[in-house]
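Q: See coords-v4.cif below, with mmCIF, C-alpha atoms.
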data_final
loop_
_atom_site.label_atom_id
_atom_site.label_comp_id
_atom_site.auth_asym_id
_atom_site.auth_seq_id
_atom_site.Cartn_x
_atom_site.Cartn_y
_atom_site.Cartn_z
CA MET I 166 3.46 20.56 0.45
CA ALA I 167 6.01 17.81 -0.21
CA ARG I 168 4.69 14.73 -1.98
CA PRO I 169 4.95 11.36 -0.18
CA TRP I 170 8.00 9.26 -0.98
CA PHE I 171 5.86 6.38 -2.20
CA ASP I 172 2.35 6.12 -3.65
CA HIS I 173 0.89 3.09 -1.89
CA PHE I 174 -2.16 3.17 -4.14
CA ARG I 175 -0.28 3.14 -7.43
CA PHE I 176 -0.55 -0.60 -8.00
CA ALA I 177 -3.96 -1.01 -6.34
CA ALA I 178 -5.66 1.71 -8.41
CA PRO I 179 -6.82 -0.48 -11.36
CA PHE I 180 -8.47 -2.98 -8.99
CA TYR I 181 -9.54 -0.65 -6.18
CA ASP I 182 -13.21 -0.26 -7.07
CA ARG I 183 -13.74 -4.00 -7.52
CA VAL I 184 -12.00 -4.92 -4.26
CA LEU I 185 -13.99 -2.41 -2.19
CA ALA I 186 -17.31 -2.72 -3.99
CA GLY I 187 -20.05 -2.55 -1.37
CA GLY I 188 -17.54 -2.04 1.42
CA GLU I 189 -19.14 1.11 2.83
CA PRO I 190 -22.76 1.84 3.77
CA ALA I 191 -23.33 3.94 0.64
CA ALA I 192 -27.05 4.53 1.19
CA THR I 193 -26.42 5.89 4.68
CA VAL I 194 -23.76 8.28 3.38
CA LEU I 195 -25.94 9.51 0.54
CA ASP I 196 -28.81 10.18 2.92
CA ALA I 197 -26.48 12.16 5.19
CA LEU I 198 -25.48 14.44 2.31
CA ALA I 199 -29.10 15.64 1.96
CA LEU I 200 -29.16 15.75 -1.83
CA PRO I 201 -29.98 17.06 -4.35
CA VAL I 202 -28.28 20.42 -4.07
CA ASP I 203 -27.40 23.02 -6.70
CA GLY I 204 -23.85 23.63 -5.49
CA TRP I 205 -20.70 21.59 -6.09
CA LEU I 206 -19.43 18.65 -4.07
CA LEU I 207 -15.81 18.01 -3.08
CA ASP I 208 -14.73 14.39 -2.65
CA ALA I 209 -11.61 14.85 -0.48
CA GLY I 210 -9.20 11.94 -0.63
CA GLY I 211 -11.70 10.52 -3.10
CA GLY I 212 -9.22 8.43 -5.09
CA THR I 213 -11.03 6.74 -7.98
CA GLY I 214 -14.25 8.61 -7.31
CA ARG I 215 -16.02 5.30 -6.70
CA VAL I 216 -18.48 6.90 -4.25
CA SER I 217 -18.88 10.41 -5.62
CA ALA I 218 -19.45 9.18 -9.20
CA ARG I 219 -22.86 8.01 -7.99
CA LEU I 220 -23.74 11.61 -7.16
CA LEU I 221 -23.43 13.02 -10.67
CA GLY I 222 -26.70 14.69 -11.56
CA ARG I 223 -27.61 15.26 -7.91
CA VAL I 224 -25.12 18.12 -7.38
CA GLY I 225 -23.88 20.96 -9.55
CA GLY I 226 -20.58 19.15 -10.16
CA VAL I 227 -18.08 16.88 -8.45
CA VAL I 228 -14.39 17.58 -7.78
CA VAL I 229 -12.24 14.67 -6.62
CA ILE I 230 -8.98 15.67 -4.95
CA ASP I 231 -6.35 13.07 -4.08
CA ALA I 232 -2.59 12.77 -3.66
CA SER I 233 -2.40 9.68 -5.90
CA GLY I 234 -2.19 10.34 -9.61
CA ALA I 235 -2.86 6.66 -10.32
CA MET I 236 -6.14 6.76 -8.42
CA LEU I 237 -7.18 9.98 -10.13
CA ARG I 238 -6.62 8.42 -13.57
CA GLN I 239 -9.32 5.92 -12.65
CA ALA I 240 -11.60 8.80 -11.65
CA GLN I 241 -10.90 10.53 -14.97
CA ALA I 242 -11.89 7.39 -16.87
CA LYS I 243 -15.34 7.39 -15.27
CA GLY I 244 -16.26 10.65 -17.01
CA GLY I 245 -18.12 13.58 -15.49
CA LEU I 246 -15.80 13.99 -12.49
CA HIS I 247 -13.18 16.71 -12.11
CA PRO I 248 -10.01 15.04 -10.75
CA THR I 249 -7.46 17.31 -9.05
CA LEU I 250 -4.03 16.24 -7.81
CA GLY I 251 -3.39 17.77 -4.41
CA TYR I 252 -3.64 17.57 -0.64
CA THR I 253 -6.55 18.21 1.68
CA GLU I 254 -4.15 20.07 3.99
CA ALA I 255 -3.70 22.74 1.29
CA LEU I 256 -6.83 22.80 -0.86
CA PRO I 257 -6.47 24.90 -4.05
CA PHE I 258 -10.00 26.29 -3.87
CA PRO I 259 -11.50 29.56 -2.62
CA ALA I 260 -13.37 29.78 0.67
CA GLY I 261 -16.96 28.58 0.52
CA ALA I 262 -16.53 26.89 -2.86
CA PHE I 263 -18.49 23.70 -2.04
CA ALA I 264 -22.03 23.10 -0.84
CA ARG I 265 -21.17 19.53 0.16
CA ILE I 266 -17.91 17.81 1.13
CA LEU I 267 -17.46 14.06 1.35
CA VAL I 268 -14.56 12.16 2.94
CA VAL I 269 -14.96 8.38 2.66
CA ASP I 270 -12.39 6.03 4.22
CA ALA I 271 -9.69 8.65 3.72
CA PHE I 272 -9.33 10.92 6.77
CA HIS I 273 -6.83 8.56 8.42
CA HIS I 274 -4.60 8.85 5.32
CA PHE I 275 -4.25 12.63 5.57
CA TYR I 276 -0.83 13.78 6.78
CA ARG I 277 -1.78 16.66 9.07
CA HIS I 278 -5.27 16.20 10.38
CA ALA I 279 -5.83 19.53 12.12
CA GLU I 280 -4.83 21.38 8.95
CA ALA I 281 -7.01 19.09 6.83
CA ALA I 282 -10.01 19.74 9.08
CA SER I 283 -9.43 23.48 8.90
CA GLU I 284 -9.13 23.43 5.10
CA LEU I 285 -12.25 21.33 4.65
CA TRP I 286 -14.16 23.80 6.80
CA ARG I 287 -12.72 26.79 4.94
CA VAL I 288 -13.95 25.61 1.54
CA LEU I 289 -17.37 24.51 2.83
CA ALA I 290 -20.01 27.10 2.00
CA PRO I 291 -22.16 28.64 4.76
CA GLY I 292 -25.19 26.40 5.14
CA GLY I 293 -23.18 23.50 3.67
CA ARG I 294 -22.61 20.01 4.98
CA LEU I 295 -19.49 17.89 5.54
CA VAL I 296 -19.85 14.11 5.78
CA ILE I 297 -16.92 11.98 6.97
CA LEU I 298 -17.05 8.18 6.97
CA GLU I 299 -14.12 6.60 8.79
CA PRO I 300 -13.29 3.06 9.93
CA ASN I 301 -14.08 2.75 13.64
CA ILE I 302 -10.81 1.99 15.43
CA ALA I 303 -12.83 0.73 18.42
CA ARG I 304 -13.66 -2.39 16.38
CA TRP I 305 -11.05 -5.17 16.34
CA PRO I 306 -11.21 -5.80 12.53
CA VAL I 307 -10.34 -2.14 11.99
CA ARG I 308 -7.45 -2.46 14.43
CA LEU I 309 -6.08 -5.27 12.25
CA VAL I 310 -6.37 -3.01 9.20
CA ALA I 311 -4.58 -0.23 11.10
CA LEU I 312 -1.77 -2.63 12.01
CA GLY I 313 -1.43 -3.70 8.39
CA GLU I 314 -1.21 -0.11 7.21
CA LYS I 315 1.42 0.60 9.86
CA LEU I 316 3.50 -2.33 8.63
CA LEU I 317 3.21 -0.95 5.11
CA LEU I 318 4.54 2.41 6.36
CA MET I 319 1.36 4.21 5.28
CA ARG I 320 1.51 6.71 8.19
CA SER I 321 -2.21 6.25 8.84
CA ARG I 322 -3.77 7.69 11.97
CA PHE I 323 -7.23 6.48 12.95
CA TYR I 324 -9.30 8.77 15.16
CA SER I 325 -11.80 7.60 17.75
CA ALA I 326 -15.35 8.86 17.38
CA ALA I 327 -14.87 11.30 20.27
CA ALA I 328 -11.58 12.64 18.90
CA LEU I 329 -13.00 13.12 15.42
CA GLU I 330 -16.05 14.89 16.83
CA ALA I 331 -13.82 17.21 18.87
CA LEU I 332 -11.63 18.03 15.88
CA ILE I 333 -14.46 18.91 13.51
CA GLY I 334 -16.69 20.33 16.22
CA GLY I 335 -13.99 22.85 17.05
CA GLN I 336 -14.48 24.61 13.72
CA ALA I 337 -16.39 27.89 13.78
CA GLY I 338 -20.14 27.51 13.40
CA ALA I 339 -20.04 23.71 13.33
CA GLN I 340 -23.02 21.63 14.35
CA VAL I 341 -21.85 18.03 14.56
CA ARG I 342 -23.49 14.67 15.05
CA VAL I 343 -21.72 11.33 15.15
CA ASP I 344 -23.21 7.91 14.38
CA THR I 345 -21.37 4.70 15.33
CA THR I 346 -24.34 2.34 15.12
CA SER I 347 -25.76 2.52 11.58
CA ALA I 348 -22.65 0.82 10.17
CA PRO I 349 -20.88 -1.50 12.64
CA TYR I 350 -17.32 -0.88 11.46
CA TYR I 351 -17.58 2.81 10.67
CA ILE I 352 -17.89 6.23 12.26
CA MET I 353 -20.11 8.62 10.34
CA LEU I 354 -19.75 12.28 11.22
CA VAL I 355 -22.09 14.88 9.77
CA ALA I 356 -21.18 18.53 10.28
CA SER I 357 -23.40 21.41 9.21
CA LYS I 358 -21.97 24.89 8.80
CA ALA I 359 -24.03 27.79 10.08
CA ALA I 360 -25.57 29.83 7.27
CA GLN I 361 -24.72 33.03 9.15
CA PRO I 362 -21.64 33.04 11.40
CA ALA I 363 -22.40 33.83 15.04
CA GLY I 364 -21.59 37.39 15.98
CA SER I 365 -22.00 38.80 12.48
CA GLU I 366 -23.92 42.02 11.93
CA ALA I 367 -26.87 40.20 10.39
CA GLY I 368 -27.15 37.96 13.41
CA ARG I 369 -27.32 40.80 15.98
CA SER I 370 -30.56 42.16 17.37
#
Let me see the structure of the file written as C-alpha coordinates.

A:
Amino acid sequence: MARPWFDHFRFAAPFYDRVLAGGEPAATVLDALALPVDGWLLDAGGGTGRVSARLLGRVGGVVVIDASGAMLRQAQAKGGLHPTLGYTEALPFPAGAFARILVVDAFHHFYRHAEAASELWRVLAPGGRLVILEPNIARWPVRLVALGEKLLLMRSRFYSAAALEALIGGQAGAQVRVDTTSAPYYIMLVASKAAQPAGSEAGRS
(Lines of atoms letter the chains of each structure in order from A and count residues from 1; the text may use other names and numbers.)
(Lines give C-alpha, C1' and ligand atoms only; values in the text may rest on other atoms or scores of the structure.)
Protein backbone atom coordinates (compact mmCIF):
# COMPACT_ATOMS: atom_id res chain seq x y z
CA MET A 1 0.00 0.00 0.00
CA ALA A 2 1.41 3.40 -0.96
CA ARG A 3 2.49 5.61 1.93
CA PRO A 4 0.77 9.00 2.35
CA TRP A 5 2.51 11.97 0.77
CA PHE A 6 2.80 13.75 4.11
CA ASP A 7 2.92 12.58 7.73
CA HIS A 8 0.65 15.04 9.53
CA PHE A 9 1.69 13.63 12.89
CA ARG A 10 5.43 14.02 12.39
CA PHE A 11 5.73 17.33 14.21
CA ALA A 12 2.97 16.64 16.75
CA ALA A 13 4.41 13.30 17.90
CA PRO A 14 6.69 14.62 20.72
CA PHE A 15 3.80 16.57 22.28
CA TYR A 16 0.88 14.31 21.38
CA ASP A 17 0.44 12.54 24.71
CA ARG A 18 0.53 15.77 26.72
CA VAL A 19 -1.94 17.57 24.46
CA LEU A 20 -4.48 14.73 24.53
CA ALA A 21 -3.97 13.64 28.13
CA GLY A 22 -7.38 12.75 29.55
CA GLY A 23 -9.09 13.46 26.24
CA GLU A 24 -10.86 10.10 25.97
CA PRO A 25 -12.98 8.21 28.51
CA ALA A 26 -10.18 5.74 29.29
CA ALA A 27 -11.97 3.91 32.09
CA THR A 28 -14.97 3.22 29.86
CA VAL A 29 -12.73 1.84 27.11
CA LEU A 30 -10.78 -0.37 29.50
CA ASP A 31 -14.00 -1.80 30.92
CA ALA A 32 -15.23 -2.56 27.41
CA LEU A 33 -12.10 -4.60 26.66
CA ALA A 34 -13.00 -7.05 29.46
CA LEU A 35 -9.47 -7.56 30.76
CA PRO A 36 -7.36 -9.32 31.83
CA VAL A 37 -6.90 -11.79 29.01
CA ASP A 38 -4.03 -14.14 28.17
CA GLY A 39 -3.90 -13.31 24.46
CA TRP A 40 -2.31 -10.34 22.70
CA LEU A 41 -3.86 -6.94 22.02
CA LEU A 42 -3.54 -4.95 18.80
CA ASP A 43 -3.70 -1.16 19.07
CA ALA A 44 -4.62 -0.25 15.47
CA GLY A 45 -3.74 3.31 14.52
CA GLY A 46 -2.35 3.48 18.04
CA GLY A 47 0.30 6.11 17.36
CA THR A 48 2.30 6.74 20.52
CA GLY A 49 0.62 3.91 22.39
CA ARG A 50 -0.69 6.40 24.94
CA VAL A 51 -3.79 4.27 25.64
CA SER A 52 -2.51 0.73 25.14
CA ALA A 53 0.59 1.31 27.30
CA ARG A 54 -1.78 1.29 30.28
CA LEU A 55 -2.74 -2.29 29.42
CA LEU A 56 0.71 -3.83 29.81
CA GLY A 57 0.46 -6.65 32.31
CA ARG A 58 -3.26 -7.14 31.65
CA VAL A 59 -2.77 -8.84 28.25
CA GLY A 60 -0.21 -11.24 26.85
CA GLY A 61 1.46 -8.43 24.89
CA VAL A 62 0.65 -5.26 22.99
CA VAL A 63 1.34 -4.50 19.32
CA VAL A 64 0.90 -0.91 18.16
CA ILE A 65 0.52 -0.50 14.40
CA ASP A 66 0.52 2.95 12.80
CA ALA A 67 1.44 4.63 9.52
CA SER A 68 3.49 7.34 11.27
CA GLY A 69 7.06 6.44 12.09
CA ALA A 70 7.36 9.54 14.28
CA MET A 71 4.44 8.44 16.44
CA LEU A 72 5.79 4.92 16.72
CA ARG A 73 9.14 6.22 17.98
CA GLN A 74 7.24 7.66 20.93
CA ALA A 75 5.62 4.27 21.49
CA GLN A 76 9.03 2.58 21.36
CA ALA A 77 10.35 4.95 24.02
CA LYS A 78 7.65 3.86 26.47
CA GLY A 79 9.07 0.34 26.63
CA GLY A 80 7.11 -2.90 26.64
CA LEU A 81 5.12 -2.15 23.47
CA HIS A 82 5.78 -3.69 20.06
CA PRO A 83 5.56 -0.86 17.48
CA THR A 84 4.95 -1.88 13.86
CA LEU A 85 4.95 0.47 10.88
CA GLY A 86 2.04 -0.37 8.60
CA TYR A 87 -1.58 0.10 7.62
CA THR A 88 -4.75 -1.31 9.11
CA GLU A 89 -6.00 -1.95 5.57
CA ALA A 90 -3.22 -4.53 5.09
CA LEU A 91 -2.30 -5.93 8.50
CA PRO A 92 0.89 -8.05 8.48
CA PHE A 93 -0.47 -10.60 10.95
CA PRO A 94 -2.04 -14.05 10.61
CA ALA A 95 -5.77 -14.61 11.03
CA GLY A 96 -6.93 -14.81 14.63
CA ALA A 97 -3.68 -13.42 16.04
CA PHE A 98 -5.24 -11.10 18.64
CA ALA A 99 -7.63 -11.69 21.52
CA ARG A 100 -8.40 -7.98 21.76
CA ILE A 101 -8.22 -5.11 19.27
CA LEU A 102 -8.41 -1.45 20.20
CA VAL A 103 -8.95 1.53 17.86
CA VAL A 104 -8.97 4.86 19.71
CA ASP A 105 -9.62 8.12 17.84
CA ALA A 106 -8.11 6.61 14.70
CA PHE A 107 -10.75 4.94 12.52
CA HIS A 108 -11.50 8.19 10.67
CA HIS A 109 -7.82 8.42 9.69
CA PHE A 110 -7.78 5.07 7.89
CA TYR A 111 -7.68 5.36 4.10
CA ARG A 112 -10.05 2.57 3.07
CA HIS A 113 -12.52 1.87 5.82
CA ALA A 114 -14.21 -1.25 4.47
CA GLU A 115 -10.83 -2.91 3.99
CA ALA A 116 -9.70 -1.79 7.44
CA ALA A 117 -12.83 -3.25 9.03
CA SER A 118 -12.32 -6.53 7.19
CA GLU A 119 -8.66 -6.75 8.24
CA LEU A 120 -9.41 -5.98 11.87
CA TRP A 121 -12.00 -8.74 11.88
CA ARG A 122 -9.65 -11.18 10.14
CA VAL A 123 -6.93 -10.87 12.79
CA LEU A 124 -9.38 -10.96 15.73
CA ALA A 125 -9.44 -14.39 17.32
CA PRO A 126 -12.72 -16.32 17.67
CA GLY A 127 -14.22 -15.30 21.00
CA GLY A 128 -12.24 -12.04 20.84
CA ARG A 129 -13.39 -8.47 21.21
CA LEU A 130 -12.90 -5.32 19.11
CA VAL A 131 -13.39 -1.91 20.75
CA ILE A 132 -13.56 1.24 18.61
CA LEU A 133 -13.74 4.71 20.14
CA GLU A 134 -14.48 7.42 17.57
CA PRO A 135 -15.38 11.11 17.80
CA ASN A 136 -19.14 11.48 17.34
CA ILE A 137 -19.71 13.54 14.19
CA ALA A 138 -23.25 14.28 15.40
CA ARG A 139 -21.75 16.67 17.97
CA TRP A 140 -20.90 20.18 16.77
CA PRO A 141 -17.42 20.33 18.43
CA VAL A 142 -16.47 17.20 16.49
CA ARG A 143 -17.76 18.78 13.29
CA LEU A 144 -15.34 21.67 13.89
CA VAL A 145 -12.49 19.17 14.32
CA ALA A 146 -13.55 17.42 11.10
CA LEU A 147 -13.50 20.75 9.26
CA GLY A 148 -10.03 21.51 10.59
CA GLU A 149 -8.72 18.14 9.45
CA LYS A 150 -10.26 18.70 6.03
CA LEU A 151 -8.48 22.05 5.74
CA LEU A 152 -5.23 20.31 6.66
CA LEU A 153 -5.82 17.80 3.83
CA MET A 154 -5.85 14.88 6.28
CA ARG A 155 -8.43 12.90 4.24
CA SER A 156 -10.36 12.05 7.40
CA ARG A 157 -13.79 10.46 7.16
CA PHE A 158 -15.96 10.43 10.26
CA TYR A 159 -18.68 7.78 10.46
CA SER A 160 -22.02 8.21 12.17
CA ALA A 161 -22.87 5.72 14.90
CA ALA A 162 -25.31 3.92 12.60
CA ALA A 163 -22.83 3.74 9.71
CA LEU A 164 -20.05 2.43 11.94
CA GLU A 165 -22.37 -0.17 13.44
CA ALA A 166 -23.42 -1.31 9.95
CA LEU A 167 -19.82 -1.58 8.77
CA ILE A 168 -18.56 -3.65 11.68
CA GLY A 169 -21.83 -5.51 12.17
CA GLY A 170 -21.57 -6.79 8.61
CA GLN A 171 -18.56 -8.93 9.50
CA ALA A 172 -19.17 -12.66 9.91
CA GLY A 173 -20.14 -13.69 13.42
CA ALA A 174 -20.17 -10.14 14.78
CA GLN A 175 -22.25 -9.19 17.79
CA VAL A 176 -22.17 -5.41 18.05
CA ARG A 177 -23.32 -2.84 20.55
CA VAL A 178 -22.92 0.91 20.24
CA ASP A 179 -22.85 3.46 23.06
CA THR A 180 -23.21 7.20 22.35
CA THR A 181 -24.14 8.30 25.86
CA SER A 182 -21.31 7.27 28.22
CA ALA A 183 -18.96 9.83 26.64
CA PRO A 184 -20.74 12.87 25.14
CA TYR A 185 -18.37 13.46 22.23
CA TYR A 186 -17.58 9.86 21.35
CA ILE A 187 -19.06 6.74 19.81
CA MET A 188 -17.95 3.53 21.48
CA LEU A 189 -18.51 0.36 19.50
CA VAL A 190 -17.89 -3.05 21.05
CA ALA A 191 -17.91 -6.05 18.73
CA SER A 192 -17.58 -9.63 19.94
CA LYS A 193 -16.57 -12.38 17.54
CA ALA A 194 -18.38 -15.69 17.81
CA ALA A 195 -16.21 -18.41 19.33
CA GLN A 196 -17.55 -20.88 16.76
CA PRO A 197 -18.59 -19.56 13.34
CA ALA A 198 -22.23 -20.20 12.47
CA GLY A 199 -22.70 -23.12 10.12
CA SER A 200 -19.52 -24.92 11.14
CA GLU A 201 -19.55 -28.66 11.78
CA ALA A 202 -19.21 -28.19 15.53
CA GLY A 203 -22.21 -25.91 15.59
CA ARG A 204 -24.58 -28.35 13.80
CA SER A 205 -26.96 -30.64 15.63

Q: Report, in Å with one decimal, the straight-line distance from CA of Ala242 (chain I) to CA of Gly226 (chain I).

A: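 Going from CA of Ala242 (chain I) over to CA of Gly226 (chain I) covers 16.1 Å.
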
Q: Suppose a student applies the PyMOL selection byres ((chain I and resi 285) around 9) to this structure; what residues should they get, written as a list in words?

A: Ala209, Thr253, Glu254, Leu256, Ile266, Glu280, Ala281, Ala282, Ser283, Glu284, Trp286, Arg287, Val288, Leu289 and Leu295 of chain I

Q: Quick one: 4 Å padding each side, axis-aligned, all listed atoms of region 288-298 of chain I - centre and edge lengths in Å to one decimal, as JSON?

A:
{"center_x": -19.6, "center_y": 18.4, "center_z": 4.3, "size_x": 19.2, "size_y": 28.5, "size_z": 13.4}

Q: Would you mind listing what lies within 8 Å of Ala240 (chain I) as an mmCIF file with C-alpha atoms, in the frame of the given file, with all atoms listed in the file counted and same-chain residues fewer than 2 positions away left out?

A:
data_model
loop_
_atom_site.group_PDB
_atom_site.id
_atom_site.type_symbol
_atom_site.label_atom_id
_atom_site.label_comp_id
_atom_site.auth_asym_id
_atom_site.auth_seq_id
_atom_site.Cartn_x
_atom_site.Cartn_y
_atom_site.Cartn_z
ATOM 1 C CA GLY I 212 -9.220 8.430 -5.090
ATOM 2 C CA THR I 213 -11.030 6.740 -7.980
ATOM 3 C CA GLY I 214 -14.250 8.610 -7.310
ATOM 4 C CA ARG I 215 -16.020 5.300 -6.700
ATOM 5 C CA VAL I 229 -12.240 14.670 -6.620
ATOM 6 C CA MET I 236 -6.140 6.760 -8.420
ATOM 7 C CA LEU I 237 -7.180 9.980 -10.130
ATOM 8 C CA ARG I 238 -6.620 8.420 -13.570
ATOM 9 C CA ALA I 242 -11.890 7.390 -16.870
ATOM 10 C CA LYS I 243 -15.340 7.390 -15.270
ATOM 11 C CA GLY I 244 -16.260 10.650 -17.010
ATOM 12 C CA LEU I 246 -15.800 13.990 -12.490
ATOM 13 C CA PRO I 248 -10.010 15.040 -10.750
#

Q: Rank nothing, just name the residue among I:Gly204, I:Gly251, I:Pro306, I:Pro257 nearest to Arg294 (chain I), using only C-alpha atoms.

A: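 That would be I:Gly204, the residue with the smallest distance to Arg294 (chain I).
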
Q: Report the distance between CA of Leu298 (chain I) and CA of Gln336 (chain I) in Å, rounded to one decimal place.

A: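 Going from CA of Leu298 (chain I) over to CA of Gln336 (chain I), I get 17.9 Å.
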
Q: Would you list the contacts of region 191-198 of chain I as a list in words, taking every protein, DNA or RNA residue within 9 Å and counting all atoms listed in the file, but skipping same-chain residues closer than 6 positions in sequence?

A: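 Here the qualifying residues turn out to be Val216, Leu220, Arg265, Ile266, Leu267, Val269, Arg294, Leu295, Val296, Ile297, Leu298, Ser347, Ala348, Met353 and Val355 of chain I.
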